[in-house]
Amino acid sequence: MATSAQLRKQILQGSWDAVLAALYGANPAVLQRQRGRYAAALEQFELYFGPGRQVQVYSAPGRAELGGNHTDHQHGEVLAASINLDAIAITAPVDEPVVRVVSDGYDMITVSLDDLAVKDELKGTTDSLIRGVLEGIQKHGGKIGGFRAYITSDVLIGAGLSSSAAFETIIGTII
C-alpha cells in the first residue's frame with residue numbers, strides 16, 4: 001500500500017494509466033482528466049484526514065436500468081448495465097470502530113460501528129445509506145471495521161443513473 005502522496009505522484013506520472021484505461025478507455029484526454037480527478041481526490045483525502053496515511057482506491061460505477069426500472073425496490077427484477085461514470089473513494093483503515101466519510105461537496109458523516117440501529121430522524125439521508133450498508137454486511141456475517149474515506153462522484157444525481165446505488169456500492173466495496 002502506498003501513502004496518499006506516493007500514490008498521487010504515481011498517478012500523475014502515468015504509472016496508473018493501464019488501470020485508468022481499463023476503467024475509462026485509452027483516449028489521452030480522458031486519461032489526463034482521470035489522472036487529475038484521482039490526484040485531486042487524494043489531495044482532498046489529505047486535507048480531511050491528514051497526509052502520510054497509506055491509502056486504497058476504489059471505484060463503483062453508476063448504472064442505467066434497461067428494463068424493470070426500480071422494480072428491484074419491490075423485490076422484482078431489473079436488467080441494468082454499468083456506465084462509464086463512477087464514484088471513486090480514497091480510503092484508509094483505522095483501528096477504532098468509527099467510519100468517517102466525506103463526500104465531495106457535503107459535510108463529514110461519522111458513524112459508530114457500535115450503533116448501527118435504524119434512526120427515524122436519519123431516514124433518507126446519506127448517513128442512513130452508510131449505516132444500512134454496514135448493518136447489512138454485519139447481519140450477513142461480514143466483518144466490518146473503521147475507516148476514513150473521501151468520495152467523489154461523476155454519476156449525475158437525479159438523472160436515473162443510480163448515484164445512491166453507486167455510493168452504497170462503494171461503501172460495501174471498501175468494507
# chains A, B, ... in the order shown; residues from 1 in each chain; ligands from 1
call {"tool": "residues_around", "arguments": {"residues": "Val57 of chain A", "least_positions_apart": "3", "cutoff": "9 Å", "atoms": "only C-alpha atoms", "output": "CSV table (one decimal) with C-alpha atoms, in the first residue's frame"}}
result
chain,number,residue,atom,x,y,z
A,38,TYR,CA,-7.8,10.9,-8.8
A,88,ILE,CA,-14.3,6.9,-6.5
A,89,ALA,CA,-13.1,6.6,-2.9
A,90,ILE,CA,-9.8,7.2,-1.3
A,91,THR,CA,-9.7,5.2,2.0
A,174,ILE,CA,-14.5,-0.5,0.9
call {"tool": "select_by_dssp", "arguments": {"residues": "segment 2-131 of chain A", "states": "strand (DSSP E or B)", "output": "ChimeraX atom specification"}}
result
/A:2-3,54-67,79-93,98-103,109-112
call {"tool": "closest_residue", "arguments": {"among": "A:Leu85, A:Leu31, A:Leu7, A:Leu23", "to": "Ser163 of chain A", "atoms": "only C-alpha atoms"}}
result
A:Leu85
call {"tool": "closest_residue", "arguments": {"among": "A:Ala92, A:Ile170, A:Ser4, A:Thr152", "to": "Arg37 of chain A", "atoms": "only C-alpha atoms"}}
result
A:Thr152
call {"tool": "atom_distance", "arguments": {"atom1": "atom CA of Trp16 of chain A", "atom2": "atom CA of Ala165 of chain A"}}
result
26.1 Å
call {"tool": "select_by_dssp", "arguments": {"residues": "chain A", "states": "alpha helix (DSSP H)", "output": "PyMOL selection string"}}
result
chain A and resi 4-12+17-24+28-49+126-139+163-174
call {"tool": "closest_residue", "arguments": {"among": "A:Val98, A:Ala5, A:Ala39, A:Ala26", "to": "Pro51 of chain A", "atoms": "only C-alpha atoms"}}
result
A:Ala5
call {"tool": "residues_around", "arguments": {"residues": "Asp86 of chain A", "least_positions_apart": "5", "cutoff": "10 Å", "atoms": "only C-alpha atoms", "output": "PyMOL selection string"}}
result
chain A and resi 23-24+58-63+152-156+161+163+166-167+170
call {"tool": "atom_distance", "arguments": {"atom1": "atom CA of Gln10 of chain A", "atom2": "atom CA of Arg35 of chain A"}}
result
9.6 Å
